[in-house]
Structure formats: C-alpha cells, structure tokens
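Structure file entry07.txt; described as compact mmCIF, C-alpha atoms.
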```txt
# COMPACT_ATOMS: atom_id res chain seq x y z
CA MET A 884 0.00 0.00 0.00
CA LYS A 885 2.83 2.41 0.88
CA VAL A 886 4.49 1.66 -2.46
CA PHE A 887 1.26 2.47 -4.30
CA VAL A 888 0.83 5.75 -2.42
CA ALA A 889 4.40 6.75 -3.19
CA LEU A 890 3.90 5.97 -6.89
CA LEU A 891 0.64 7.85 -6.87
CA PHE A 892 2.29 10.90 -5.33
CA ALA A 893 5.03 10.74 -7.95
CA PHE A 894 2.42 10.50 -10.70
CA LEU A 895 0.52 13.52 -9.43
CA CYS A 896 3.68 15.54 -9.00
CA SER A 897 4.84 14.67 -12.52
CA ILE A 898 1.85 16.47 -14.00
CA ALA A 899 2.22 19.55 -11.83
CA HIS A 900 2.54 21.91 -14.80
CA CYS A 901 -0.29 20.54 -16.94
CA GLY A 902 -3.03 20.01 -14.34
CA LEU A 903 -5.22 16.99 -13.93
CA THR A 904 -7.73 16.03 -16.58
CA ASN A 905 -10.74 13.81 -16.09
CA GLU A 906 -9.04 11.01 -18.08
CA GLN A 907 -5.93 11.13 -15.90
CA LEU A 908 -7.91 10.95 -12.69
CA LEU A 909 -10.07 8.14 -14.05
CA ARG A 910 -7.02 6.08 -14.98
CA THR A 911 -5.54 6.65 -11.52
CA VAL A 912 -8.73 5.58 -9.76
CA LYS A 913 -9.20 2.51 -11.98
CA SER A 914 -5.67 1.33 -11.17
CA SER A 915 -6.26 1.72 -7.43
CA LYS A 916 -7.93 -0.86 -5.19
CA ARG A 917 -9.21 1.87 -2.87
CA LYS A 918 -11.17 4.52 -4.70
CA ILE A 919 -10.27 7.42 -2.42
CA LEU A 920 -7.24 9.37 -3.64
CA PRO A 921 -4.81 11.23 -1.33
CA LEU A 922 -4.99 15.02 -1.12
CA ASN A 923 -2.01 16.67 0.56
CA ASP A 924 0.44 19.55 0.45
CA GLU A 925 2.29 17.96 -2.48
CA ASN A 926 -0.62 17.67 -4.90
CA PHE A 927 -3.55 19.87 -3.82
CA GLU A 928 -2.65 22.76 -6.15
CA ASN A 929 -2.71 20.45 -9.18
CA ILE A 930 -6.04 18.97 -8.13
CA LEU A 931 -8.00 21.93 -6.77
CA ASN A 932 -6.55 24.88 -8.74
CA GLY A 933 -7.52 25.66 -12.29
CA LYS A 934 -10.01 24.13 -14.68
CA ARG A 935 -11.89 21.04 -13.46
CA ASP A 936 -14.22 19.01 -15.64
CA TYR A 937 -15.40 16.86 -12.73
CA HIS A 938 -16.84 17.00 -9.21
CA ILE A 939 -14.50 16.68 -6.21
CA ILE A 940 -15.43 15.49 -2.72
CA ALA A 941 -12.68 15.98 -0.13
CA PHE A 942 -12.62 14.50 3.36
CA PHE A 943 -10.38 16.38 5.82
CA THR A 944 -9.49 14.16 8.76
CA SER A 945 -6.73 12.77 10.92
CA GLU A 946 -5.89 9.28 12.10
CA ALA A 947 -2.94 10.45 14.20
CA PRO A 948 -3.13 9.04 17.76
CA GLN A 949 -1.96 12.33 19.28
CA ILE A 950 -4.99 14.13 17.82
CA ASN A 951 -7.44 11.36 18.79
CA CYS A 952 -10.32 12.50 16.57
CA VAL A 953 -13.14 10.13 17.55
CA LEU A 954 -15.65 11.54 15.05
CA CYS A 955 -13.07 11.16 12.27
CA LYS A 956 -12.89 7.43 12.99
CA ASP A 957 -16.68 7.18 12.98
CA ILE A 958 -17.17 9.08 9.72
CA ALA A 959 -14.28 7.50 7.75
CA PRO A 960 -16.01 4.10 7.11
CA GLU A 961 -19.21 5.88 6.00
CA TYR A 962 -17.29 8.11 3.58
CA GLU A 963 -15.33 5.16 2.20
CA LEU A 964 -18.54 3.18 1.71
CA VAL A 965 -20.11 6.01 -0.32
CA ALA A 966 -16.95 6.30 -2.47
CA GLN A 967 -16.67 2.56 -3.06
CA SER A 968 -20.40 2.36 -3.92
CA TRP A 969 -20.08 5.17 -6.46
CA PHE A 970 -17.23 3.44 -8.30
CA GLN A 971 -19.01 0.11 -8.11
CA ASP A 972 -21.81 1.72 -10.14
CA HIS A 973 -19.36 3.66 -12.35
CA PRO A 974 -16.17 1.60 -12.77
CA ASN A 975 -15.45 3.39 -16.08
CA GLY A 976 -16.77 6.81 -15.08
CA ILE A 977 -19.81 8.39 -16.70
CA ILE A 978 -20.47 6.40 -19.87
CA GLU A 979 -22.00 7.79 -23.06
CA ALA A 980 -25.36 6.08 -22.45
CA GLU A 981 -25.79 7.97 -19.16
CA GLU A 982 -24.89 11.27 -20.82
CA GLU A 983 -27.40 10.73 -23.63
CA GLU A 984 -30.11 9.72 -21.16
CA ASN A 985 -29.55 12.93 -19.23
CA GLN A 986 -29.57 15.24 -22.26
CA ASN A 987 -33.35 15.67 -22.37
CA ASP A 988 -35.92 15.43 -19.59
CA GLU A 989 -39.61 14.57 -19.92
CA GLU A 990 -40.44 17.99 -21.38
CA GLY A 991 -37.60 17.91 -23.89
CA LEU A 992 -35.55 20.59 -22.14
CA ALA A 993 -31.77 20.33 -22.44
CA LYS A 994 -29.85 19.45 -19.29
CA ALA A 995 -26.25 20.04 -18.33
CA PRO A 996 -23.97 17.11 -19.20
CA LEU A 997 -23.13 14.74 -16.36
CA LYS A 998 -19.64 14.93 -14.86
CA ASN A 999 -17.55 12.33 -13.08
CA VAL A 1000 -17.19 12.37 -9.30
CA TYR A 1001 -13.87 11.80 -7.52
CA PHE A 1002 -13.31 11.26 -3.81
CA PHE A 1003 -10.23 12.48 -1.92
CA LYS A 1004 -8.95 12.19 1.62
CA SER A 1005 -6.66 14.72 3.29
CA GLU A 1006 -4.69 13.63 6.36
CA PHE A 1007 -3.70 16.48 8.70
CA VAL A 1008 -0.14 15.23 9.26
CA GLU A 1009 0.53 15.33 5.48
CA SER A 1010 -1.54 18.46 4.73
CA ARG A 1011 -0.70 21.16 7.26
CA LYS A 1012 -0.44 23.85 4.57
CA LEU A 1013 -3.77 22.86 3.04
CA PHE A 1014 -5.48 22.78 6.43
CA SER A 1015 -4.03 26.23 7.14
CA LEU A 1016 -5.39 27.59 3.84
CA PHE A 1017 -8.89 26.46 4.81
CA GLN A 1018 -8.37 27.81 8.35
CA LEU A 1019 -9.72 24.60 9.85
CA ASN A 1020 -10.11 24.75 13.61
CA ASN A 1021 -11.86 21.41 13.93
CA ILE A 1022 -12.24 18.19 11.97
CA PRO A 1023 -13.64 16.18 10.32
CA LYS A 1024 -14.77 18.29 7.38
CA ILE A 1025 -16.20 17.24 4.02
CA PHE A 1026 -16.08 19.76 1.17
CA TYR A 1027 -17.58 19.67 -2.31
CA PHE A 1028 -15.91 21.43 -5.26
CA LYS A 1029 -17.96 21.80 -8.44
CA PRO A 1030 -16.58 21.70 -12.00
CA THR A 1031 -15.09 25.08 -12.85
CA GLU A 1032 -13.38 27.11 -15.56
CA ALA A 1033 -11.69 29.46 -13.06
CA LEU A 1034 -7.91 29.51 -13.41
CA GLY A 1035 -6.90 31.89 -10.63
CA PRO A 1036 -4.80 30.67 -7.68
CA ASN A 1037 -6.73 29.30 -4.69
CA ASN A 1038 -10.13 29.90 -6.29
CA PHE A 1039 -11.20 26.65 -4.65
CA LEU A 1040 -11.36 28.41 -1.28
CA LYS A 1041 -14.51 30.29 -2.30
CA GLU A 1042 -15.92 27.48 -4.43
CA ARG A 1043 -16.24 24.91 -1.64
CA GLN A 1044 -19.52 23.81 -0.11
CA GLU A 1045 -19.41 22.17 3.31
CA TYR A 1046 -21.27 19.08 4.44
CA GLN A 1047 -23.12 19.52 7.74
CA PHE A 1048 -22.91 16.64 10.21
CA PHE A 1049 -26.51 16.27 11.34
CA GLN A 1050 -27.65 13.45 13.61
CA GLY A 1051 -28.68 10.32 11.73
CA ASP A 1052 -27.30 7.78 9.27
CA GLN A 1053 -24.32 9.64 7.85
CA LYS A 1054 -23.98 7.62 4.64
CA SER A 1055 -27.63 8.28 3.74
CA LEU A 1056 -27.35 11.98 4.60
CA MET A 1057 -24.10 12.20 2.65
CA MET A 1058 -25.63 10.58 -0.43
CA SER A 1059 -28.64 12.93 -0.36
CA TRP A 1060 -26.26 15.90 -0.12
CA LEU A 1061 -24.18 14.66 -3.05
CA GLN A 1062 -27.23 13.89 -5.18
CA GLU A 1063 -28.44 17.44 -4.75
CA LEU A 1064 -25.05 18.96 -5.63
CA THR A 1065 -23.95 16.70 -8.49
CA GLY A 1066 -27.27 15.69 -10.06
CA HIS A 1067 -26.22 12.03 -9.87
CA LYS A 1068 -28.12 9.19 -8.25
CA PHE A 1069 -26.05 7.53 -5.50
CA ASN A 1070 -26.58 3.96 -4.37
CA VAL A 1071 -24.98 2.26 -1.39
CA TYR A 1072 -23.59 -1.28 -1.44
CA ILE A 1073 -22.72 -2.63 1.99
CA PRO A 1074 -20.06 -5.35 1.61
CA ILE A 1075 -20.68 -8.74 3.14
CA ASN A 1076 -18.82 -9.28 6.39
CA ARG A 1077 -17.45 -12.73 5.64
CA THR A 1078 -16.01 -13.19 9.12
CA LYS A 1079 -19.38 -12.49 10.70
CA LEU A 1080 -21.13 -14.71 8.13
CA PHE A 1081 -18.85 -17.70 8.81
CA LEU A 1082 -19.12 -17.10 12.55
CA ASN A 1083 -22.93 -17.14 12.36
CA ILE A 1084 -22.84 -20.34 10.32
CA PHE A 1085 -20.50 -21.96 12.84
CA VAL A 1086 -22.61 -20.85 15.82
CA GLY A 1087 -25.80 -22.01 14.13
CA PHE A 1088 -24.33 -25.41 13.22
CA THR A 1089 -22.82 -25.91 16.69
CA GLY A 1090 -26.03 -24.78 18.38
CA THR A 1091 -28.07 -27.25 16.31
CA LEU A 1092 -25.74 -30.13 17.25
CA LEU A 1093 -25.84 -29.23 20.96
CA ALA A 1094 -29.62 -28.85 20.90
CA LYS A 1095 -29.96 -32.29 19.35
CA ARG A 1096 -27.45 -33.84 21.76
CA PHE A 1097 -28.96 -32.32 24.93
CA ARG A 1098 -32.59 -32.04 23.84
CA LYS A 1099 -33.92 -33.72 27.00
CA GLN A 1100 -32.05 -31.38 29.35
CA ILE A 1101 -33.07 -28.37 27.27
CA GLY A 1102 -36.69 -29.55 27.35
CA ASN A 1103 -36.57 -29.84 31.14
CA VAL A 1104 -35.23 -26.28 31.42
CA LEU A 1105 -37.89 -24.91 29.06
CA LEU A 1106 -40.64 -26.62 31.08
CA SER A 1107 -39.22 -25.57 34.44
CA LYS A 1108 -41.39 -23.16 36.41
CA ILE A 1109 -38.37 -21.77 38.26
CA ALA A 1110 -36.56 -20.95 35.00
CA TRP A 1111 -39.60 -19.11 33.65
CA VAL A 1112 -40.08 -17.23 36.93
CA VAL A 1113 -36.45 -16.06 36.92
CA PHE A 1114 -36.60 -15.09 33.24
CA SER A 1115 -39.88 -13.21 33.71
CA LEU A 1116 -38.66 -11.31 36.75
CA VAL A 1117 -35.41 -10.28 35.05
CA ALA A 1118 -37.31 -9.15 31.94
CA VAL A 1119 -39.88 -7.19 33.97
CA LEU A 1120 -37.17 -5.47 36.02
CA LEU A 1121 -35.13 -4.54 32.95
CA PHE A 1122 -38.01 -3.21 30.88
CA THR A 1123 -39.65 -1.27 33.71
CA THR A 1124 -36.37 0.49 34.54
CA GLY A 1125 -35.61 1.78 31.03
CA PHE A 1126 -33.63 -0.91 29.19
CA MET A 1127 -35.38 -0.22 25.85
CA PHE A 1128 -35.10 3.53 26.41
CA ASN A 1129 -31.31 3.10 26.56
CA LYS A 1130 -31.20 0.86 23.48
CA ILE A 1131 -33.36 3.14 21.34
CA ARG A 1132 -31.59 6.38 22.28
CA SER A 1133 -28.08 4.90 22.63
CA THR A 1134 -27.61 6.61 25.98
CA PRO A 1135 -24.09 6.74 27.50
CA TYR A 1136 -23.30 4.42 30.39
CA VAL A 1137 -22.04 7.17 32.70
CA ILE A 1138 -20.92 10.79 32.26
CA GLU A 1139 -17.36 11.64 33.27
CA HIS A 1140 -16.46 15.31 33.69
CA PRO A 1141 -12.99 16.80 33.09
CA ASP A 1142 -12.64 17.57 36.81
CA GLY A 1143 -12.93 13.86 37.65
CA ARG A 1144 -16.60 13.82 38.71
CA THR A 1145 -18.74 10.94 37.48
CA GLU A 1146 -22.50 11.22 37.13
CA TYR A 1147 -24.63 8.11 37.57
CA PHE A 1148 -28.07 9.76 37.43
CA MET A 1149 -29.33 12.41 35.04
CA PRO A 1150 -32.02 14.79 36.31
CA GLY A 1151 -35.27 14.93 34.34
CA GLN A 1152 -37.78 12.38 33.15
CA GLN A 1153 -36.57 12.33 29.53
CA THR A 1154 -32.88 11.67 30.20
CA GLN A 1155 -31.21 8.56 31.56
CA LEU A 1156 -27.84 6.81 31.73
CA GLY A 1157 -27.13 3.15 31.17
CA VAL A 1158 -25.97 2.61 34.74
CA GLU A 1159 -29.35 3.90 36.02
CA THR A 1160 -31.09 0.87 34.54
CA GLN A 1161 -28.74 -1.49 36.36
CA ILE A 1162 -29.01 0.35 39.69
CA MET A 1163 -32.80 0.59 39.53
CA SER A 1164 -33.16 -3.06 38.49
CA PHE A 1165 -31.00 -4.10 41.44
CA VAL A 1166 -33.00 -1.95 43.91
CA TYR A 1167 -36.38 -3.17 42.65
CA GLY A 1168 -35.18 -6.79 42.59
CA LEU A 1169 -33.79 -6.60 46.12
CA LEU A 1170 -36.98 -4.96 47.40
CA SER A 1171 -39.04 -7.73 45.82
CA ILE A 1172 -36.93 -10.43 47.47
CA LEU A 1173 -37.13 -8.72 50.87
CA VAL A 1174 -40.92 -8.40 50.66
CA ILE A 1175 -41.22 -12.09 49.73
CA VAL A 1176 -38.97 -13.04 52.66
CA LEU A 1177 -41.03 -10.87 55.04
CA ILE A 1178 -44.38 -12.29 53.89
CA LYS A 1179 -43.54 -15.93 53.12
CA ARG A 1180 -40.42 -16.96 55.04
CA ALA A 1181 -40.55 -15.00 58.27
CA PRO A 1182 -43.86 -16.57 59.45
CA GLU A 1183 -42.37 -20.05 58.96
CA ILE A 1184 -39.75 -19.41 61.69
CA LYS A 1185 -41.19 -20.76 64.95
CA THR A 1186 -38.57 -19.34 67.33
CA PRO A 1187 -39.94 -15.93 68.45
CA SER A 1188 -36.55 -14.28 69.02
CA VAL A 1189 -35.15 -15.36 65.65
CA ASN A 1190 -38.39 -14.37 63.97
CA LEU A 1191 -38.24 -10.90 65.56
CA VAL A 1192 -34.62 -10.32 64.55
CA LEU A 1193 -35.34 -11.37 60.96
CA VAL A 1194 -38.41 -9.13 60.71
CA VAL A 1195 -36.49 -6.14 62.13
CA ILE A 1196 -33.54 -6.62 59.78
CA VAL A 1197 -35.71 -7.15 56.69
CA SER A 1198 -37.97 -4.21 57.57
CA ALA A 1199 -34.94 -1.94 58.11
CA LEU A 1200 -33.51 -2.94 54.73
CA ILE A 1201 -36.86 -2.30 53.03
CA PHE A 1202 -37.05 1.12 54.71
CA ALA A 1203 -33.49 2.02 53.62
CA LEU A 1204 -33.93 0.82 50.03
CA PHE A 1205 -37.28 2.55 49.67
CA SER A 1206 -35.72 5.76 51.00
CA PHE A 1207 -32.99 5.39 48.38
CA LEU A 1208 -35.71 4.91 45.75
CA LEU A 1209 -37.47 8.09 46.85
CA SER A 1210 -34.19 10.03 46.69
CA ILE A 1211 -33.63 8.88 43.11
CA PHE A 1212 -37.19 9.81 42.16
CA GLY A 1213 -36.71 13.22 43.75
CA LEU A 1214 -33.56 13.70 41.67
CA LYS A 1215 -35.35 12.72 38.46
CA ALA A 1216 -38.54 14.68 39.22
CA GLY A 1217 -37.54 18.14 40.36
CA GLY A 1218 -39.63 19.50 43.24
CA PHE A 1219 -40.68 16.11 44.62
CA PRO A 1220 -40.73 16.88 48.38
CA TYR A 1221 -41.02 13.51 50.09
CA ARG A 1222 -38.08 11.72 51.65
CA PHE A 1223 -37.47 9.21 54.43
CA ILE A 1224 -33.66 9.12 54.50
CA LYS A 1225 -32.08 11.76 52.26
CA PHE A 1226 -29.25 10.11 50.32
CA PHE A 1227 -28.73 13.03 47.90
```

Please express what this file holds, its structure, as structure tokens.
Amino acid sequence: MKVFVALLFAFLCSIAHCGLTNEQLLRTVKSSKRKILPLNDENFENILNGKRDYHIIAFFTSEAPQINCVLCKDIAPEYELVAQSWFQDHPNGIIEAEEEENQNDEEGLAKAPLKNVYFFKSEFVESRKLFSLFQLNNIPKIFYFKPTEALGPNNFLKERQEYQFFQGDQKSLMMSWLQELTGHKFNVYIPINRTKLFLNIFVGFTGTLLAKRFRKQIGNVLLSKIAWVVFSLVAVLLFTTGFMFNKIRSTPYVIEHPDGRTEYFMPGQQTQLGVETQIMSFVYGLLSILVIVLIKRAPEIKTPSVNLVLVVIVSALIFALFSFLLSIFGLKAGGFPYRFIKFF
C-alpha cells in the first residue's frame, strides 16, 4: 500500500505543470484498489486549482493518535462506503449512455452534461499547509468542489460547499447531499462481512448439534417453572427500569467530567444513563426479594426471638432501600418533596 501511495504521489507531482484532466484521474482511480485518492500539500494545487471538468469530494481528517479525533474514525467508514459504492456503479466513469439519457428530460428541455465524481482524503499530518489555507479549527470536514473554468490561484477556497454533520445515518445523509449537488443518483452497497457470516454459520451449526445432543435437558429447562419465573422477573425489572429507552436512544453508560466527577443519574424524566437501569433493576429486585422473605419466610420461623430479629432486619432494609428509591425519584422529578432518608 505504501508503495502504491508513493507511486501515486510521484504521478501527481509529474503532471504539476499541466493540471489533472478527467481522463488522468479516471485512470488513476481505476488502477487503485481503494477509490479514495490522497490530497495533501504535495498535490492539492494540481487537483484543486484551475479548470476542473469533474466533481470533487474531499474529506479532511486525521488518524494520528496524538490528535485522537473520535468523530473522524466514525465518519471514515461511511465516507469510504459512499466512495466505493459510487465506483461500483461507475467503474469506467460516466459512460455515453448515461450522458445521452440525461440530455433531455420529460419535457424535452436540455440538461447540463453529467460529470464524473472523484473522492479524496486529506490527512492532517501530510496536509498542514492545506489545512491552514482552509483555516480549519476542527475536523472532520467534508467539502464539495464543483466543476469550474476558473484559473486563478486558490479559487477553490470560495468554491467549496461544506457538508453539515446532522444526527442520523451519515452515509444516507451524505448521499442525499451529493445527489443534490452533483445531479447524480447515488446507491450504497454494503459489503458482506465474511467473518461475521462464517461465525454465524459456525454458531448455528454448533447450536443445532448441541440442541440435538442435549434435547432432554433443554426440554426440562424450558418446562421448568423456576426458570420461567427467573426469566420473567429479570425481563420485567429490565423493561420497567428503562432498558429499551437506553437501546433506542443509545444513551451513555455514565458521564465523566474533566474535573474527575462521574454522574450516575441524570435529572429529568426524559434523560437517563445506562448505569441507572442497572441500579434501579438491582433496587427493585432486592426490594421484591425482601418483601417475599417478610411475607412468606418469616412466618415459617417458629422461634420468636429469631423471627423478631429477621423481621427487624428485613424491615430496616426495606425502609433504607425505599428511602434510596425516593431520593432517586426526587432527583429525576424536580420538586418532589417527600423523603425518608435523604441520600442526595
């Protein structure tokens, strides 16, 4: 890969005085396994300056560990997927049939000819001058540069259009943005994860063999009342304490502040952390067990002194846990006045 990049850089530098034509870029992309070309301080003037008979999409990012750009790592696979999907549909660029089809719409009005689209990636470590020209204070950034006849130096700085990172599926949002700017239809082709596929086949095959080998034991477990009671209680506790809320909204587990503080509960009824579900499930489960012990087990003890000690201990634990529950509810519902023991 490093050899290819070095050759690619040499190729781009060799045409520094004649610019890059659509045919040259297309040949470079077709000879590359990865369809995203490098954009750096050595070649950006040849690519972005001057006449361009094609669309350019540039991804400004950094994979350097000292920068630790988390969003860059999240966006990179989405950007690469869009680029790979485009070239899967257009391995030879825009063909004549597509141009002819686009020449006239339903009303017979002439349309602008379609242009090829090329995807670039600019790494901060290799592109400090370019990043400085754009005055980038944060990354990642994705810029679009339209075809142009302008020949002045650094005209690309005022020609760019920036992609906005809204919440949602980035590859779908990116494709909609590109469709609007380029006039092309973008499809997405998600590659098959062969490792995951083979793993699922192996797990399925092994599970089938084990189910056949231990079918009697599995049948006994499925018909066991205790197993169903445990499963039902765990499910009820999880779903009544916000498990699905966390899954749907992808809530963080805890919140850690720069000063070292860690938050385990978020105030308000519409916000929640992952650890809250676990804490609340544990409190509700423990309260349920204590109530069952108090009602069912304590009366079975015939020794009065032992019975009294057990009732006192269980009642004290119920009182403490319920006070803890009220404190949590007061934190979540601002203005709730009732407390037994004030924990926070």

Using Å and a single decimal, report how far CA of Ala947 (chain A) sits from CA of Lys1041 (chain A).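 Pair CA of Lys1041 (chain A) / CA of Ala947 (chain A) returns 28.3 Å.
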
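You will find CA of Ile958 (chain A) at 11.1 Å from CA of Ser945 (chain A).
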
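Distance-wise, CA of Asp972 (chain A) and CA of Gln1050 (chain A) end up 27.1 Å apart.
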
Find the residues near region 1002-1012 of chain A: any atom within 6 Å, counting all atoms listed in the file, skip ones fewer than 5 places away on the same chain, and give them as a VMD selection string. chain A and resid 919 to 924 940 to 945

Expected answer as a PyMOL selection string: all residues with atoms within 8 Å of (-16.7, 9.2, -14.5), all atoms listed in the file: chain A and resi 905+909+937+973-978+998-1001

Polymer residues at most 8 Å from region 1062-1070 of chain A, only C-alpha atoms, same-chain spacing of 6 or more positions, as a CSV table (one decimal) with C-alpha atoms, in the coordinates of the input:
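selection04.csv, freshly written:
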```csv
chain,number,residue,atom,x,y,z
A,938,HIS,CA,-16.8,17.0,-9.2
A,965,VAL,CA,-20.1,6.0,-0.3
A,968,SER,CA,-20.4,2.4,-3.9
A,969,TRP,CA,-20.1,5.2,-6.5
A,972,ASP,CA,-21.8,1.7,-10.1
A,997,LEU,CA,-23.1,14.7,-16.4
A,998,LYS,CA,-19.6,14.9,-14.9
A,1029,LYS,CA,-18.0,21.8,-8.4
```
